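*Asks:* Structure file protein-v7.pdb, PDB, C-alpha atoms, is pasted below:
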ATOM      1  CA  ALA A   1     -32.043-198.177 -31.819  1.00  0.00           C
ATOM      2  CA  ILE A   2     -34.648-198.681 -29.098  1.00  0.00           C
ATOM      3  CA  LEU A   3     -33.284-201.097 -26.493  1.00  0.00           C
ATOM      4  CA  LEU A   4     -34.267-202.312 -23.067  1.00  0.00           C
ATOM      5  CA  GLY A   5     -32.170-201.187 -20.101  1.00  0.00           C
ATOM      6  CA  VAL A   6     -28.829-202.618 -19.035  1.00  0.00           C
ATOM      7  CA  GLY A   7     -29.254-205.933 -17.230  1.00  0.00           C
ATOM      8  CA  HIS A   8     -32.366-207.022 -19.145  1.00  0.00           C
ATOM      9  CA  CYS A   9     -31.787-210.462 -20.681  1.00  0.00           C
ATOM     10  CA  PHE A  10     -33.530-209.514 -23.938  1.00  0.00           C
ATOM     11  CA  ARG A  11     -31.199-206.529 -24.327  1.00  0.00           C
ATOM     12  CA  ASP A  12     -28.165-208.815 -24.082  1.00  0.00           C
ATOM     13  CA  GLN A  13     -29.665-211.218 -26.614  1.00  0.00           C
ATOM     14  CA  VAL A  14     -30.402-208.371 -29.038  1.00  0.00           C
ATOM     15  CA  LEU A  15     -26.855-207.008 -28.761  1.00  0.00           C
ATOM     16  CA  ASP A  16     -25.458-210.482 -29.261  1.00  0.00           C
ATOM     17  CA  ALA A  17     -27.572-210.991 -32.381  1.00  0.00           C
ATOM     18  CA  CYS A  18     -26.961-207.446 -33.692  1.00  0.00           C
ATOM     19  CA  PRO A  19     -23.327-206.601 -32.822  1.00  0.00           C
ATOM     20  CA  GLU A  20     -23.482-203.398 -34.877  1.00  0.00           C
ATOM     21  CA  LEU A  21     -25.494-201.864 -32.024  1.00  0.00           C
ATOM     22  CA  ASN A  22     -22.438-202.148 -29.768  1.00  0.00           C
ATOM     23  CA  ARG A  23     -20.582-199.486 -31.722  1.00  0.00           C
ATOM     24  CA  ALA A  24     -19.860-196.289 -29.810  1.00  0.00           C
ATOM     25  CA  GLU A  25     -21.458-194.145 -32.526  1.00  0.00           C
ATOM     26  CA  ALA A  26     -24.689-196.147 -32.564  1.00  0.00           C
ATOM     27  CA  HIS A  27     -27.587-194.006 -31.280  1.00  0.00           C
ATOM     28  CA  GLU A  28     -29.480-195.748 -28.489  1.00  0.00           C
ATOM     29  CA  THR A  29     -32.737-195.046 -26.681  1.00  0.00           C
ATOM     30  CA  ARG A  30     -33.311-197.060 -23.513  1.00  0.00           C
ATOM     31  CA  THR A  31     -36.540-198.112 -21.830  1.00  0.00           C
ATOM     32  CA  THR A  32     -37.503-200.610 -19.143  1.00  0.00           C
ATOM     33  CA  SER A  33     -40.703-201.945 -20.678  1.00  0.00           C
ATOM     34  CA  LEU A  34     -41.481-204.035 -23.762  1.00  0.00           C
ATOM     35  CA  GLU A  35     -44.824-202.202 -23.951  1.00  0.00           C
ATOM     36  CA  THR A  36     -42.977-198.879 -24.182  1.00  0.00           C
ATOM     37  CA  VAL A  37     -40.853-200.274 -27.009  1.00  0.00           C
ATOM     38  CA  ARG A  38     -44.011-201.366 -28.833  1.00  0.00           C
ATOM     39  CA  ASN A  39     -45.630-197.941 -28.419  1.00  0.00           C
ATOM     40  CA  MET A  40     -42.483-196.121 -29.576  1.00  0.00           C
ATOM     41  CA  VAL A  41     -42.321-198.286 -32.704  1.00  0.00           C
ATOM     42  CA  ALA A  42     -46.017-197.733 -33.389  1.00  0.00           C
ATOM     43  CA  SER A  43     -45.460-193.965 -33.060  1.00  0.00           C
ATOM     44  CA  GLY A  44     -42.738-193.994 -35.690  1.00  0.00           C
ATOM     45  CA  LEU A  45     -39.900-193.302 -33.231  1.00  0.00           C
ATOM     46  CA  GLY A  46     -37.971-196.354 -34.383  1.00  0.00           C
ATOM     47  CA  VAL A  47     -38.279-199.855 -35.762  1.00  0.00           C
ATOM     48  CA  SER A  48     -38.325-203.021 -33.719  1.00  0.00           C
ATOM     49  CA  VAL A  49     -35.409-205.417 -33.653  1.00  0.00           C
ATOM     50  CA  LEU A  50     -37.737-208.006 -35.168  1.00  0.00           C
ATOM     51  CA  PHE A  51     -38.247-205.927 -38.297  1.00  0.00           C
ATOM     52  CA  ILE A  52     -34.554-205.076 -38.368  1.00  0.00           C
ATOM     53  CA  ALA A  53     -33.854-208.815 -38.220  1.00  0.00           C
ATOM     54  CA  ALA A  54     -36.286-209.486 -41.070  1.00  0.00           C
ATOM     55  CA  ALA A  55     -34.747-206.639 -43.053  1.00  0.00           C
ATOM     56  CA  GLY A  56     -31.265-207.972 -42.259  1.00  0.00           C
ATOM     57  CA  LEU A  57     -32.260-211.384 -43.565  1.00  0.00           C
ATOM     58  CA  SER A  58     -33.560-209.740 -46.730  1.00  0.00           C
ATOM     59  CA  VAL A  59     -30.298-207.817 -47.218  1.00  0.00           C
ATOM     60  CA  ALA A  60     -28.401-211.055 -46.679  1.00  0.00           C
ATOM     61  CA  LEU A  61     -30.453-212.731 -49.396  1.00  0.00           C
ATOM     62  CA  VAL A  62     -29.895-209.853 -51.824  1.00  0.00           C
ATOM     63  CA  GLN A  63     -26.157-209.593 -51.106  1.00  0.00           C
ATOM     64  CA  ARG A  64     -25.659-213.309 -50.409  1.00  0.00           C
ATOM     65  CA  ARG A  65     -24.106-212.718 -46.995  1.00  0.00           C
ATOM     66  CA  ARG A  66     -24.250-215.822 -44.853  1.00  0.00           C
ATOM     67  CA  ASP A  67     -22.930-214.097 -41.719  1.00  0.00           C
ATOM     68  CA  LEU A  68     -25.686-211.487 -41.772  1.00  0.00           C
ATOM     69  CA  ALA A  69     -28.298-214.142 -42.509  1.00  0.00           C
ATOM     70  CA  GLY A  70     -27.171-216.132 -39.488  1.00  0.00           C
ATOM     71  CA  ARG A  71     -27.335-213.132 -37.140  1.00  0.00           C
ATOM     72  CA  SER A  72     -30.737-212.091 -38.483  1.00  0.00           C
ATOM     73  CA  LEU A  73     -32.207-215.567 -38.081  1.00  0.00           C
ATOM     74  CA  LYS A  74     -30.818-215.690 -34.557  1.00  0.00           C
ATOM     75  CA  ALA A  75     -32.491-212.377 -33.685  1.00  0.00           C
ATOM     76  CA  LEU A  76     -35.814-213.648 -35.032  1.00  0.00           C
ATOM     77  CA  ALA A  77     -35.418-216.948 -33.203  1.00  0.00           C
ATOM     78  CA  VAL A  78     -34.824-215.074 -29.932  1.00  0.00           C
ATOM     79  CA  GLY A  79     -37.180-212.126 -30.305  1.00  0.00           C
ATOM     80  CA  PHE A  80     -40.442-213.825 -31.140  1.00  0.00           C
ATOM     81  CA  PRO A  81     -40.240-216.566 -28.482  1.00  0.00           C
ATOM     82  CA  VAL A  82     -39.443-213.923 -25.853  1.00  0.00           C
ATOM     83  CA  GLY A  83     -42.444-211.832 -26.928  1.00  0.00           C
ATOM     84  CA  ILE A  84     -44.742-214.856 -27.060  1.00  0.00           C
ATOM     85  CA  GLY A  85     -43.527-216.031 -23.662  1.00  0.00           C
ATOM     86  CA  ALA A  86     -44.114-212.586 -22.152  1.00  0.00           C
ATOM     87  CA  ALA A  87     -47.686-212.531 -23.510  1.00  0.00           C
ATOM     88  CA  LEU A  88     -48.333-216.035 -22.182  1.00  0.00           C
ATOM     89  CA  LEU A  89     -46.975-215.182 -18.725  1.00  0.00           C
ATOM     90  CA  LEU A  90     -48.906-211.915 -18.460  1.00  0.00           C
ATOM     91  CA  THR A  91     -52.140-213.601 -19.564  1.00  0.00           C
ATOM     92  CA  ALA A  92     -51.647-216.392 -17.035  1.00  0.00           C
ATOM     93  CA  ILE A  93     -51.138-213.809 -14.274  1.00  0.00           C
ATOM     94  CA  LEU A  94     -54.236-211.862 -15.324  1.00  0.00           C
ATOM     95  CA  ARG A  95     -56.315-215.049 -15.343  1.00  0.00           C
ATOM     96  CA  ALA A  96     -54.998-216.080 -11.937  1.00  0.00           C
ATOM     97  CA  THR A  97     -55.914-212.693 -10.451  1.00  0.00           C
ATOM     98  CA  GLY A  98     -59.355-212.640 -12.060  1.00  0.00           C
ATOM     99  CA  SER A  99     -58.507-209.677 -14.291  1.00  0.00           C
ATOM    100  CA  ALA A 100     -58.993-211.639 -17.517  1.00  0.00           C
ATOM    101  CA  PRO A 101     -62.112-213.499 -18.677  1.00  0.00           C
ATOM    102  CA  ASP A 102     -62.345-217.231 -18.070  1.00  0.00           C
ATOM    103  CA  VAL A 103     -63.001-217.965 -21.735  1.00  0.00           C
ATOM    104  CA  LEU A 104     -61.437-216.445 -24.851  1.00  0.00           C
ATOM    105  CA  ALA A 105     -64.719-215.867 -26.677  1.00  0.00           C
ATOM    106  CA  ALA A 106     -64.673-214.747 -30.306  1.00  0.00           C
ATOM    107  CA  VAL A 107     -67.855-212.685 -29.881  1.00  0.00           C
ATOM    108  CA  SER A 108     -66.125-210.451 -27.337  1.00  0.00           C
ATOM    109  CA  ARG A 109     -63.348-209.404 -29.728  1.00  0.00           C
ATOM    110  CA  PRO A 110     -64.715-209.133 -33.298  1.00  0.00           C
ATOM    111  CA  ALA A 111     -62.230-206.395 -34.210  1.00  0.00           C
ATOM    112  CA  THR A 112     -59.214-208.650 -33.591  1.00  0.00           C
ATOM    113  CA  LEU A 113     -60.346-211.899 -35.196  1.00  0.00           C
ATOM    114  CA  PHE A 114     -58.141-211.158 -38.218  1.00  0.00           C
ATOM    115  CA  ILE A 115     -55.040-211.744 -36.083  1.00  0.00           C
ATOM    116  CA  SER A 116     -55.499-215.514 -36.183  1.00  0.00           C
ATOM    117  CA  HIS A 117     -57.300-215.788 -39.531  1.00  0.00           C
ATOM    118  CA  PRO A 118     -54.894-214.895 -42.354  1.00  0.00           C
ATOM    119  CA  ASP A 119     -56.428-213.908 -45.686  1.00  0.00           C
ATOM    120  CA  GLU A 120     -55.588-211.881 -48.790  1.00  0.00           C
ATOM    121  CA  TYR A 121     -55.718-208.637 -46.821  1.00  0.00           C
ATOM    122  CA  SER A 122     -53.085-209.979 -44.432  1.00  0.00           C
ATOM    123  CA  ILE A 123     -50.785-210.550 -47.397  1.00  0.00           C
ATOM    124  CA  LEU A 124     -51.448-207.058 -48.776  1.00  0.00           C
ATOM    125  CA  VAL A 125     -50.774-205.312 -45.449  1.00  0.00           C
ATOM    126  CA  ALA A 126     -47.593-207.325 -44.848  1.00  0.00           C
ATOM    127  CA  LEU A 127     -46.289-206.542 -48.340  1.00  0.00           C
ATOM    128  CA  LEU A 128     -47.013-202.838 -47.815  1.00  0.00           C
ATOM    129  CA  ALA A 129     -45.316-202.944 -44.406  1.00  0.00           C
ATOM    130  CA  GLY A 130     -42.230-204.611 -45.835  1.00  0.00           C
ATOM    131  CA  THR A 131     -42.004-202.128 -48.693  1.00  0.00           C
ATOM    132  CA  ALA A 132     -42.529-199.118 -46.429  1.00  0.00           C
ATOM    133  CA  GLY A 133     -40.011-200.455 -43.921  1.00  0.00           C
ATOM    134  CA  ALA A 134     -37.390-201.068 -46.603  1.00  0.00           C
ATOM    135  CA  LEU A 135     -37.831-197.562 -48.001  1.00  0.00           C
ATOM    136  CA  SER A 136     -37.714-196.120 -44.481  1.00  0.00           C
ATOM    137  CA  LEU A 137     -34.425-197.841 -43.687  1.00  0.00           C
ATOM    138  CA  SER A 138     -32.785-197.220 -47.050  1.00  0.00           C
ATOM    139  CA  THR A 139     -33.707-193.521 -47.131  1.00  0.00           C
ATOM    140  CA  SER A 140     -33.166-192.867 -43.389  1.00  0.00           C
ATOM    141  CA  LYS A 141     -36.734-191.645 -43.063  1.00  0.00           C
ATOM    142  CA  SER A 142     -39.477-192.934 -40.807  1.00  0.00           C
ATOM    143  CA  GLY A 143     -42.965-192.033 -39.727  1.00  0.00           C
ATOM    144  CA  ALA A 144     -45.923-193.108 -37.643  1.00  0.00           C
ATOM    145  CA  LEU A 145     -47.531-194.965 -40.557  1.00  0.00           C
ATOM    146  CA  VAL A 146     -44.426-197.094 -41.086  1.00  0.00           C
ATOM    147  CA  GLY A 147     -44.303-197.957 -37.395  1.00  0.00           C
ATOM    148  CA  VAL A 148     -47.997-198.835 -37.316  1.00  0.00           C
ATOM    149  CA  LEU A 149     -47.744-201.054 -40.398  1.00  0.00           C
ATOM    150  CA  ILE A 150     -44.785-202.963 -39.008  1.00  0.00           C
ATOM    151  CA  SER A 151     -46.392-203.268 -35.577  1.00  0.00           C
ATOM    152  CA  VAL A 152     -49.683-204.546 -37.005  1.00  0.00           C
ATOM    153  CA  THR A 153     -47.952-207.271 -39.000  1.00  0.00           C
ATOM    154  CA  THR A 154     -45.739-208.663 -36.232  1.00  0.00           C
ATOM    155  CA  ILE A 155     -46.687-207.815 -32.648  1.00  0.00           C
ATOM    156  CA  PRO A 156     -50.418-208.763 -32.546  1.00  0.00           C
ATOM    157  CA  ALA A 157     -49.910-212.203 -34.102  1.00  0.00           C
ATOM    158  CA  ALA A 158     -46.979-213.037 -31.806  1.00  0.00           C
ATOM    159  CA  ALA A 159     -48.906-211.825 -28.758  1.00  0.00           C
ATOM    160  CA  LYS A 160     -51.986-213.806 -29.812  1.00  0.00           C
ATOM    161  CA  VAL A 161     -49.949-217.010 -29.862  1.00  0.00           C
ATOM    162  CA  GLY A 162     -49.025-216.435 -26.213  1.00  0.00           C
ATOM    163  CA  VAL A 163     -52.520-215.364 -25.140  1.00  0.00           C
ATOM    164  CA  ALA A 164     -54.215-218.300 -26.867  1.00  0.00           C
ATOM    165  CA  ALA A 165     -51.659-220.722 -25.420  1.00  0.00           C
ATOM    166  CA  ALA A 166     -52.439-219.431 -21.929  1.00  0.00           C
ATOM    167  CA  TYR A 167     -56.090-220.291 -22.572  1.00  0.00           C
ATOM    168  CA  GLY A 168     -55.246-223.657 -24.109  1.00  0.00           C
ATOM    169  CA  ASP A 169     -56.936-222.656 -27.373  1.00  0.00           C
ATOM    170  CA  TRP A 170     -54.633-224.478 -29.774  1.00  0.00           C
ATOM    171  CA  THR A 171     -56.766-223.713 -32.830  1.00  0.00           C
ATOM    172  CA  GLU A 172     -56.170-220.001 -32.223  1.00  0.00           C
ATOM    173  CA  VAL A 173     -52.491-220.688 -31.526  1.00  0.00           C
ATOM    174  CA  ARG A 174     -52.125-222.363 -34.919  1.00  0.00           C
ATOM    175  CA  GLY A 175     -54.073-219.577 -36.635  1.00  0.00           C
ATOM    176  CA  ALA A 176     -51.978-216.815 -35.072  1.00  0.00           C
ATOM    177  CA  ALA A 177     -48.747-218.700 -35.787  1.00  0.00           C
ATOM    178  CA  SER A 178     -49.836-219.071 -39.419  1.00  0.00           C
ATOM    179  CA  GLN A 179     -50.609-215.352 -39.571  1.00  0.00           C
ATOM    180  CA  LEU A 180     -47.170-214.549 -38.167  1.00  0.00           C
ATOM    181  CA  ALA A 181     -45.468-216.850 -40.653  1.00  0.00           C
ATOM    182  CA  VAL A 182     -47.409-215.333 -43.571  1.00  0.00           C
ATOM    183  CA  ASN A 183     -46.572-211.804 -42.415  1.00  0.00           C
ATOM    184  CA  LEU A 184     -42.863-212.493 -41.974  1.00  0.00           C
ATOM    185  CA  THR A 185     -42.644-214.237 -45.342  1.00  0.00           C
ATOM    186  CA  CYS A 186     -44.395-211.352 -47.099  1.00  0.00           C
ATOM    187  CA  ILE A 187     -42.236-208.776 -45.319  1.00  0.00           C
ATOM    188  CA  VAL A 188     -39.042-210.536 -46.416  1.00  0.00           C
ATOM    189  CA  VAL A 189     -40.340-210.880 -49.992  1.00  0.00           C
ATOM    190  CA  ALA A 190     -41.290-207.184 -50.072  1.00  0.00           C
ATOM    191  CA  VAL A 191     -37.961-206.023 -48.646  1.00  0.00           C
ATOM    192  CA  VAL A 192     -35.957-208.245 -51.010  1.00  0.00           C
ATOM    193  CA  THR A 193     -37.966-206.973 -53.989  1.00  0.00           C
ATOM    194  CA  THR A 194     -37.661-203.320 -52.914  1.00  0.00           C
ATOM    195  CA  LEU A 195     -33.910-203.528 -52.299  1.00  0.00           C
ATOM    196  CA  SER A 196     -33.335-205.399 -55.557  1.00  0.00           C
ATOM    197  CA  LEU A 197     -35.218-202.734 -57.522  1.00  0.00           C
ATOM    198  CA  GLN A 198     -33.291-199.999 -55.717  1.00  0.00           C
ATOM    199  CA  ARG A 199     -29.999-201.666 -56.663  1.00  0.00           C
ATOM    200  CA  ILE A 200     -31.072-201.845 -60.311  1.00  0.00           C
ATOM    201  CA  VAL A 201     -32.065-198.156 -60.348  1.00  0.00           C
ATOM    202  CA  TYR A 202     -28.851-197.148 -58.567  1.00  0.00           C
ATOM    203  CA  ARG A 203     -26.658-199.074 -61.014  1.00  0.00           C
ATOM    204  CA  ARG A 204     -28.449-197.555 -63.994  1.00  0.00           C
ATOM    205  CA  ARG A 205     -28.011-194.055 -62.589  1.00  0.00           C
ATOM    206  CA  ARG A 206     -24.341-194.725 -61.895  1.00  0.00           C
ATOM    207  CA  ARG A 207     -23.766-195.999 -65.442  1.00  0.00           C
ATOM    208  CA  ALA A 208     -25.666-193.020 -66.872  1.00  0.00           C
ATOM    209  CA  ALA A 209     -23.592-190.613 -64.767  1.00  0.00           C
ATOM    210  CA  ALA A 210     -20.371-192.298 -65.864  1.00  0.00           C
ATOM    211  CA  ALA A 211     -21.402-192.159 -69.523  1.00  0.00           C
ATOM    212  CA  SER A 212     -22.191-188.447 -69.301  1.00  0.00           C
ATOM    213  CA  ARG A 213     -18.810-187.477 -67.938  1.00  0.00           C
ATOM    214  CA  PRO A 214     -16.549-185.745 -70.509  1.00  0.00           C
ATOM    215  CA  GLY A 215     -13.481-187.558 -71.705  1.00  0.00           C
TER     216      GLY A 215
END
Starting from the file, lay out its structure as structure tokens.
*Replies:*
Amino acid sequence: AILLGVGHCFRDQVLDACPELNRAEAHETRTTSLETVRNMVASGLGVSVLFIAAAGLSVALVQRRRDLAGRSLKALAVGFPVGIGAALLLTAILRATGSAPDVLAAVSRPATLFISHPDEYSILVALLAGTAGALSLSTSKSGALVGVLISVTTIPAAAKVGVAAAYGDWTEVRGAASQLAVNLTCIVVAVVTTLSLQRIVYRRRRRAAAASRPG
């Protein structure tokens, strides 16, 4: 797991929402910056707690575990507001120091307009990210592509909510929030579907193996 350093409030909230990370045998990588966490996830060196929370919610739905569902929802409810708040605060500081433009103009950022304008491609990417993430977790394998997919479907939209709020652009806030909601919904649907199919295949293989045993 990639966690912030001891004493960081978000670290404590993550550990509270994901008690499994408190186990002595749990592997932990520490950093002092949320940006470092984002870059490590994008490089395939781990998955963010937000995806883990979404995956945990999906597992809870498949296995009908209310306790896991509650912890996963709590992690999501803590993680995204913290990320959005950090983006809002940083943007406000940059504006106050003159390091950010006075107006959030669409013409100056054509490559990122998709973040607050969900469409069919948003759904496709989120479904692919959820499927890749589920396979990564269930097979204990990861890679840069998985990290990039997950990062693209969660971090930019959450950050855009904070940035747009700092500029008072509530149309963009609503668009980015809608994009985030669409992405999370598609990720959960993809993970639930992937895990359900894996369970079906596993049960069939187990029955086939049992039937082939002599005696």
*Asks:* Which residue is closest to Glu120 of chain A? Choose from A:Gly56, A:Leu89, A:Gln179, A:Thr194 and count all atoms listed in the file.
*Replies:*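 Ranked by minimum distance to Glu120 of chain A, first place goes to A:Gln179.
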*Asks:* A:Val163, A:Ala157, A:Ala211, A:Ala60: which is nearest Pro118 of chain A, counting only C-alpha atoms?
*Replies:*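 Ranking A:Val163, A:Ala157, A:Ala211, A:Ala60 by distance to Pro118 of chain A, first place goes to A:Ala157.
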*Asks:* Env of Val173 of chain A: 10 Å cut, atoms = all atoms listed in the file, seq-sep filter 4 positions within chain, self excluded. Answer as number ranges by chain.
*Replies:* A: 116, 157-169, 177-179
*Asks:* Tell me, in Å to one decimal, how far atom CA of Ala55 of chain A is from atom CA of Val191 of chain A.
*Replies:*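 Taking atom CA of Ala55 of chain A and atom CA of Val191 of chain A, their separation equals 6.5 Å.
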*Asks:* Closest to Thr131 of chain A among A:Leu195, A:Val82, A:Ser72, A:Asp119, using all atoms listed in the file?
*Replies:*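 Comparing A:Leu195, A:Val82, A:Ser72, A:Asp119 against Thr131 of chain A, the winner is A:Leu195.
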*Asks:* Using Å and a single decimal, report how far atom CA of Val188 of chain A sits from atom CA of Glu172 of chain A.
*Replies:* 24.2 Å
*Asks:* Rounded to one decimal, what separation in Å do you get between atom CA of Gly83 of chain A and atom CA of Ile123 of chain A?
*Replies:*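 That distance, rounded to one decimal, is 22.1 Å.
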*Asks:* Would you mind listing what lies within 8 Å of His117 of chain A as a list in words, with only C-alpha atoms counted and same-chain residues fewer than 4 positions away left out?
*Replies:*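 So, after excluding close chain neighbours, the residues are Leu113, Gly175, Ala176 and Gln179 of chain A.
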*Asks:* For Leu127 of chain A, which residue among A:Leu61, A:Ala54, A:Arg199, A:Val189 is the nearest when counting all atoms listed in the file?
*Replies:* A:Val189
*Asks:* Can you give me, as a PDB file with C-alpha atoms, keeping the file's coordinate frame, the residues this file yields under the PyMOL selection byres ((chain A and resi 125) around 10)?
*Replies:*
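Below is the file that was written, out-v6.pdb:
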ATOM      1  CA  GLU A 120     -55.588-211.881 -48.790  1.00  0.00           C
ATOM      2  CA  TYR A 121     -55.718-208.637 -46.821  1.00  0.00           C
ATOM      3  CA  SER A 122     -53.085-209.979 -44.432  1.00  0.00           C
ATOM      4  CA  ILE A 123     -50.785-210.550 -47.397  1.00  0.00           C
ATOM      5  CA  LEU A 124     -51.448-207.058 -48.776  1.00  0.00           C
ATOM      6  CA  ALA A 126     -47.593-207.325 -44.848  1.00  0.00           C
ATOM      7  CA  LEU A 127     -46.289-206.542 -48.340  1.00  0.00           C
ATOM      8  CA  LEU A 128     -47.013-202.838 -47.815  1.00  0.00           C
ATOM      9  CA  ALA A 129     -45.316-202.944 -44.406  1.00  0.00           C
ATOM     10  CA  GLY A 130     -42.230-204.611 -45.835  1.00  0.00           C
ATOM     11  CA  THR A 131     -42.004-202.128 -48.693  1.00  0.00           C
ATOM     12  CA  LEU A 149     -47.744-201.054 -40.398  1.00  0.00           C
ATOM     13  CA  ILE A 150     -44.785-202.963 -39.008  1.00  0.00           C
ATOM     14  CA  VAL A 152     -49.683-204.546 -37.005  1.00  0.00           C
ATOM     15  CA  THR A 153     -47.952-207.271 -39.000  1.00  0.00           C
ATOM     16  CA  ASN A 183     -46.572-211.804 -42.415  1.00  0.00           C
ATOM     17  CA  CYS A 186     -44.395-211.352 -47.099  1.00  0.00           C
ATOM     18  CA  ILE A 187     -42.236-208.776 -45.319  1.00  0.00           C
TER      19      ILE A 187
END
*Asks:* Provide segment 72-92 of chain A rebuilt to N, CA and C atoms, formatted as a PDB file, in the frame of the given file.
*Replies:*
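Okay, this is what ended up in out26.pdb:
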ATOM      1  N   SER A  72     -29.336-212.504 -38.365  1.00  0.00           N
ATOM      2  CA  SER A  72     -30.737-212.091 -38.483  1.00  0.00           C
ATOM      3  C   SER A  72     -31.676-213.209 -38.054  1.00  0.00           C
ATOM      4  N   LEU A  73     -31.383-214.419 -38.477  1.00  0.00           N
ATOM      5  CA  LEU A  73     -32.207-215.567 -38.081  1.00  0.00           C
ATOM      6  C   LEU A  73     -32.139-215.779 -36.576  1.00  0.00           C
ATOM      7  N   LYS A  74     -30.975-215.551 -36.007  1.00  0.00           N
ATOM      8  CA  LYS A  74     -30.818-215.690 -34.557  1.00  0.00           C
ATOM      9  C   LYS A  74     -31.671-214.665 -33.823  1.00  0.00           C
ATOM     10  N   ALA A  75     -31.677-213.424 -34.318  1.00  0.00           N
ATOM     11  CA  ALA A  75     -32.491-212.377 -33.685  1.00  0.00           C
ATOM     12  C   ALA A  75     -33.971-212.726 -33.756  1.00  0.00           C
ATOM     13  N   LEU A  76     -34.414-213.239 -34.891  1.00  0.00           N
ATOM     14  CA  LEU A  76     -35.814-213.648 -35.032  1.00  0.00           C
ATOM     15  C   LEU A  76     -36.138-214.817 -34.109  1.00  0.00           C
ATOM     16  N   ALA A  77     -35.207-215.758 -34.029  1.00  0.00           N
ATOM     17  CA  ALA A  77     -35.418-216.948 -33.203  1.00  0.00           C
ATOM     18  C   ALA A  77     -35.463-216.606 -31.723  1.00  0.00           C
ATOM     19  N   VAL A  78     -34.811-215.502 -31.332  1.00  0.00           N
ATOM     20  CA  VAL A  78     -34.824-215.074 -29.932  1.00  0.00           C
ATOM     21  C   VAL A  78     -35.998-214.138 -29.665  1.00  0.00           C
ATOM     22  N   GLY A  79     -36.201-213.179 -30.541  1.00  0.00           N
ATOM     23  CA  GLY A  79     -37.180-212.126 -30.305  1.00  0.00           C
ATOM     24  C   GLY A  79     -38.608-212.610 -30.203  1.00  0.00           C
ATOM     25  N   PHE A  80     -39.053-213.392 -31.154  1.00  0.00           N
ATOM     26  CA  PHE A  80     -40.442-213.825 -31.140  1.00  0.00           C
ATOM     27  C   PHE A  80     -40.764-214.753 -29.968  1.00  0.00           C
ATOM     28  N   PRO A  81     -39.947-215.745 -29.668  1.00  0.00           N
ATOM     29  CA  PRO A  81     -40.240-216.566 -28.482  1.00  0.00           C
ATOM     30  C   PRO A  81     -40.295-215.760 -27.185  1.00  0.00           C
ATOM     31  N   VAL A  82     -39.416-214.761 -27.055  1.00  0.00           N
ATOM     32  CA  VAL A  82     -39.443-213.923 -25.853  1.00  0.00           C
ATOM     33  C   VAL A  82     -40.764-213.156 -25.781  1.00  0.00           C
ATOM     34  N   GLY A  83     -41.179-212.564 -26.903  1.00  0.00           N
ATOM     35  CA  GLY A  83     -42.444-211.832 -26.928  1.00  0.00           C
ATOM     36  C   GLY A  83     -43.641-212.733 -26.660  1.00  0.00           C
ATOM     37  N   ILE A  84     -43.643-213.904 -27.268  1.00  0.00           N
ATOM     38  CA  ILE A  84     -44.742-214.856 -27.060  1.00  0.00           C
ATOM     39  C   ILE A  84     -44.772-215.317 -25.606  1.00  0.00           C
ATOM     40  N   GLY A  85     -43.597-215.599 -25.058  1.00  0.00           N
ATOM     41  CA  GLY A  85     -43.527-216.031 -23.662  1.00  0.00           C
ATOM     42  C   GLY A  85     -44.013-214.955 -22.707  1.00  0.00           C
ATOM     43  N   ALA A  86     -43.664-213.691 -23.000  1.00  0.00           N
ATOM     44  CA  ALA A  86     -44.114-212.586 -22.152  1.00  0.00           C
ATOM     45  C   ALA A  86     -45.635-212.457 -22.193  1.00  0.00           C
ATOM     46  N   ALA A  87     -46.226-212.608 -23.385  1.00  0.00           N
ATOM     47  CA  ALA A  87     -47.686-212.531 -23.510  1.00  0.00           C
ATOM     48  C   ALA A  87     -48.357-213.682 -22.769  1.00  0.00           C
ATOM     49  N   LEU A  88     -47.776-214.868 -22.877  1.00  0.00           N
ATOM     50  CA  LEU A  88     -48.333-216.035 -22.182  1.00  0.00           C
ATOM     51  C   LEU A  88     -48.282-215.840 -20.668  1.00  0.00           C
ATOM     52  N   LEU A  89     -47.140-215.374 -20.164  1.00  0.00           N
ATOM     53  CA  LEU A  89     -46.975-215.182 -18.725  1.00  0.00           C
ATOM     54  C   LEU A  89     -47.924-214.117 -18.192  1.00  0.00           C
ATOM     55  N   LEU A  90     -48.021-213.001 -18.904  1.00  0.00           N
ATOM     56  CA  LEU A  90     -48.906-211.915 -18.460  1.00  0.00           C
ATOM     57  C   LEU A  90     -50.364-212.376 -18.455  1.00  0.00           C
ATOM     58  N   THR A  91     -50.763-213.105 -19.496  1.00  0.00           N
ATOM     59  CA  THR A  91     -52.140-213.601 -19.564  1.00  0.00           C
ATOM     60  C   THR A  91     -52.423-214.570 -18.431  1.00  0.00           C
ATOM     61  N   ALA A  92     -51.477-215.443 -18.134  1.00  0.00           N
ATOM     62  CA  ALA A  92     -51.647-216.392 -17.035  1.00  0.00           C
ATOM     63  C   ALA A  92     -51.809-215.666 -15.702  1.00  0.00           C
TER      64      ALA A  92
END
